[in-house]
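Colleague: To start, I am sharing the structure in question, which I have written as structure tokens.
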Amino acid sequence: MLLALAVDRTGSGLWAASSVLYLTFVTHLSAQQIGVLLGVAGVAGIAGSPLAGRLAGRFPVRSLLIGCHLLRLVTLVLVLVCTGFDALLPVVAVTYLGDRAAKTLEMLFATRAAGERRAAYQALSRSAANAGYGVGAGIAAIGLAVGTTGAYRVLILGNALSFVAAAVLVWRTGEPSGSAVEVARSGGAAPTARGEGGAVVRGGSPWRDRGYLGFVLLDIPMNLDDSILAVGLPLWLVNSTSAPHALVPAFLVINTVLVVVLQLSVSKRAEGPRRAARAVLLYGVLMLACCGFLAVATRGGAWAAGAVLLAAALLVTLAELMRSVSSWELAVLLAPQDARAAYLGVAGMSQSIQKSAGPPLLTGVVMAAGPAGWLVLGAAVAGLAVVQSRACARRLGLGPAPAGAALAAK
């Protein structure tokens, strides 16, 4: 399954690096049309997570994941033959819906196959995904250097073929029988999700569980590291600092290398309910520090600003490492075991919503306000991290850690 994930993300790296240029130079869409196209696709992707979660409660995850790969194979082939905006709009939207659904199904598979070690599996999957993205982007660079219509089409076809290879690999993967999901233990006992008044949360519709919906809502700003790395850092460097523009690729290099190298070791420190809740607090601290560095990057010379921005890239990557493990771990633990697939589908919406709302928030509000905007954002995320951590601890019934457990955690 990890190999299938790496192959899938290699194709995603091809698409991410070439899609905008393909839509510009091959299909001849305007910048406004491309913006609308990708915006609608992002909204469609939001629906992919809850849809996948609902279906996973009724059908085998492996079969659904194969279906997602084949669906995206069909839509990418249609992208190659569609040239008009009206035809491309539904095709790209369905592609993004299938992409988001596939990511949710991959993690649902992890909760079933990896059991108590799902945090370690999540770390391995993150490393495999980043390696795949890097390979895909490297291959795309060759095609983009050629720059012909044929080269662009080959890159899109390569993404489509990656779905075939991923589907075959998933088909060869065994899925544990049953839908029960193991939960990580803390102190030898599995925590139980509790609603208002301390009542144990039973299976039902996640849309009626206000406590869980509150967790999902707060998890949206807990994913802002993604937009800061991809949008905030490059645009802030170019438009508001004197740092060399050549540093922009270094942000991605720092992120990719550190995720591949550190994700597994970090996951061990965020495994289990108590550590996962504490990791949310650390995420808030790291994001506050990152935003503080971005605020002061406007001062000083080119090299001083560059050094500060590189430090900010390091901090936002460390925050991502914490979030990538704790967010899913808490989403699993907070859900009732007999309806976990549906709950996790709803939890997966937070990343999709952030991907749609995060870039406009940064460009239209935070950066428009200047350095003060970054300070306000950092303080807001840190404050919400405290709220999120306490709400999760309360729902899981986590009291103060015993002295022995505290020493063992160090």
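We label chains A, B, ... in the order they appear in the structure tokens, count residues from 1 in each chain, and number ligands from 1 in the order shown.
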Could you give me, as a list in words, the residues within 8 Å of A:Val91, counting only C-alpha atoms and dropping anything in the same chain fewer than 4 positions from it?
Modeller: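 Contacts, with the query itself left out: Thr75, Leu76, Leu78, Val79, Ala87 and Thr95 of chain A.
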Colleague: For A:Leu229, list every protein, DNA or RNA residue within 12 Å, evaluated using only C-alpha atoms, and leave out those in the same chain fewer than 5 positions away; present the list as a PyMOL selection string.
Modeller: chain A and resi 223-224+234-237+248-256+287+290-291+294+309-310+312-320+355+358-359+362
Colleague: Neighbours of A:Trp303 within 12 Å (only C-alpha atoms; same-chain residues fewer than 4 positions away dropped), as a list in words?
Modeller: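 Skipping anything fewer than 4 positions along the chain leaves Leu237, Thr241, Ser242, Ala243, Pro244, His245, Ala246, Leu247, Ala297, Thr298, Arg299, Ala307, Val308, Leu309 and Leu310 of chain A.
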Colleague: Out of A:Ser389, A:Ser356, A:Asn239, A:Thr149, which residue has the shortest atom-to-atom distance to A:Val40 when counting only C-alpha atoms?
Modeller: A:Ser356
Colleague: Write out as a PyMOL selection string all residues of stretch 152-386 of chain A that backbone DSSP assigns to strand (DSSP E or B).
Modeller: chain A and resi 186+189+194+200
Colleague: Between atom CA of A:Leu169 and atom CA of A:Ser12, what distance in Å does the model show, to one decimal?
Modeller: 16.6 Å
Colleague: Find the spatial neighbours of A:Leu14, counting only C-alpha atoms, within a cut-off of 10 Å - ignore same-chain residues fewer than 3 positions away - and output them as a list in words.
Modeller: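 Result of the neighbour search: Arg9, Thr10, Gly11, Ala17, Ser18, Ser19, Gly132, Tyr133, Gly134, Val135, Gly136, Ala137, Gly138, Ile139, Ala140, Ala141, Gly143, Tyr152, Val154, Leu155, Ile156, Leu157, Gly158, Asn159, Ala160 and Ser162 of chain A.
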Colleague: Between atom CA of A:Ser350 and atom CA of A:Ala47, what is the spacing in Å?
Modeller: 10.8 Å
Colleague: Name the residues in contact with stretch 98-104 of chain A at a cut-off of 7 Å, using only C-alpha atoms, excluding same-chain residues fewer than 6 positions from it; report them as a PyMOL selection string.
Modeller: chain A and resi 45+48-49+52+65+68+71-72+345+348
Colleague: Hey, can you spit out that residue selection with N, CA and C atoms as an mmCIF file, in the first residue's frame?
Modeller:
data_model
loop_
_atom_site.group_PDB
_atom_site.id
_atom_site.type_symbol
_atom_site.label_atom_id
_atom_site.label_comp_id
_atom_site.auth_asym_id
_atom_site.auth_seq_id
_atom_site.Cartn_x
_atom_site.Cartn_y
_atom_site.Cartn_z
ATOM 1 N N GLY A 45 -13.538 18.869 -4.278
ATOM 2 C CA GLY A 45 -12.701 17.993 -3.472
ATOM 3 C C GLY A 45 -13.147 17.911 -2.030
ATOM 4 N N GLY A 48 -15.288 15.013 -1.355
ATOM 5 C CA GLY A 48 -14.708 13.692 -1.520
ATOM 6 C C GLY A 48 -14.516 12.941 -0.220
ATOM 7 N N SER A 49 -14.101 13.638 0.845
ATOM 8 C CA SER A 49 -13.824 12.969 2.121
ATOM 9 C C SER A 49 -15.081 12.380 2.768
ATOM 10 N N ALA A 52 -16.367 9.434 0.726
ATOM 11 C CA ALA A 52 -15.555 8.230 0.902
ATOM 12 C C ALA A 52 -15.823 7.577 2.247
ATOM 13 N N LEU A 65 -10.920 2.210 -3.078
ATOM 14 C CA LEU A 65 -9.696 2.910 -3.457
ATOM 15 C C LEU A 65 -9.313 2.589 -4.904
ATOM 16 N N CYS A 68 -11.444 4.698 -7.031
ATOM 17 C CA CYS A 68 -10.983 6.093 -7.107
ATOM 18 C C CYS A 68 -9.839 6.247 -8.104
ATOM 19 N N LEU A 71 -11.335 5.949 -11.559
ATOM 20 C CA LEU A 71 -12.116 7.146 -11.871
ATOM 21 C C LEU A 71 -11.198 8.274 -12.336
ATOM 22 N N ARG A 72 -10.096 8.472 -11.626
ATOM 23 C CA ARG A 72 -9.164 9.534 -11.993
ATOM 24 C C ARG A 72 -8.429 9.211 -13.294
ATOM 25 N N GLY A 345 -14.427 10.385 7.448
ATOM 26 C CA GLY A 345 -14.720 11.065 6.202
ATOM 27 C C GLY A 345 -15.023 12.532 6.414
ATOM 28 N N GLY A 348 -11.836 14.464 7.309
ATOM 29 C CA GLY A 348 -10.980 14.749 6.166
ATOM 30 C C GLY A 348 -11.326 16.033 5.442
#
Colleague: When you draw a straight line from atom CA of A:Gln337 to atom CA of A:Leu105, how long is it in Å?
Modeller: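 So the answer is 16.5 Å.
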Colleague: Identify which of the residues A:Leu321, A:Ala357, A:Val74, A:Ala311 lies closest to A:Tyr283, counting only C-alpha atoms when measuring atom-to-atom distances.
Modeller: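 Going through A:Leu321, A:Ala357, A:Val74, A:Ala311 one by one, the smallest distance to A:Tyr283 is for A:Leu321.
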Colleague: Taking into account only C-alpha atoms, which residue in the set A:Val366, A:Ile228, A:Ala151, A:Met1 is nearest to A:Phe25?
Modeller: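 Closest candidate: A:Ala151.
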Colleague: Looking at A:Val36, A:Leu217, A:Met222, A:Leu88, which one is nearest to A:Ala347, with distances taken over only C-alpha atoms?
Modeller: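 Smallest separation from A:Ala347 among the options: A:Leu217.
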Colleague: Using only C-alpha atoms, which protein or nucleic acid residues come within 12 Å of A:Leu361? Drop anything in the same chain fewer than 5 positions from it, and give the result as number ranges by chain.
Modeller: A: 221, 224, 227-228, 231-232, 353-356, 366-369, 373-374, 377
Colleague: Nearest residue to A:Ala128 out of A:Ala113, A:Ile220, A:Val168, A:Ala6, using only C-alpha atoms?
Modeller: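 Ranking A:Ala113, A:Ile220, A:Val168, A:Ala6 by distance to A:Ala128, first place goes to A:Ala6.
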Colleague: Please run DSSP on the backbone and report, as a PyMOL selection string, all residues within stretch 168-373 of chain A that come out as alpha helix (DSSP H).
Modeller: chain A and resi 168-171+210-219+225-227+233-240+248-269+273-296+302-334+340-347+349-361+371-373
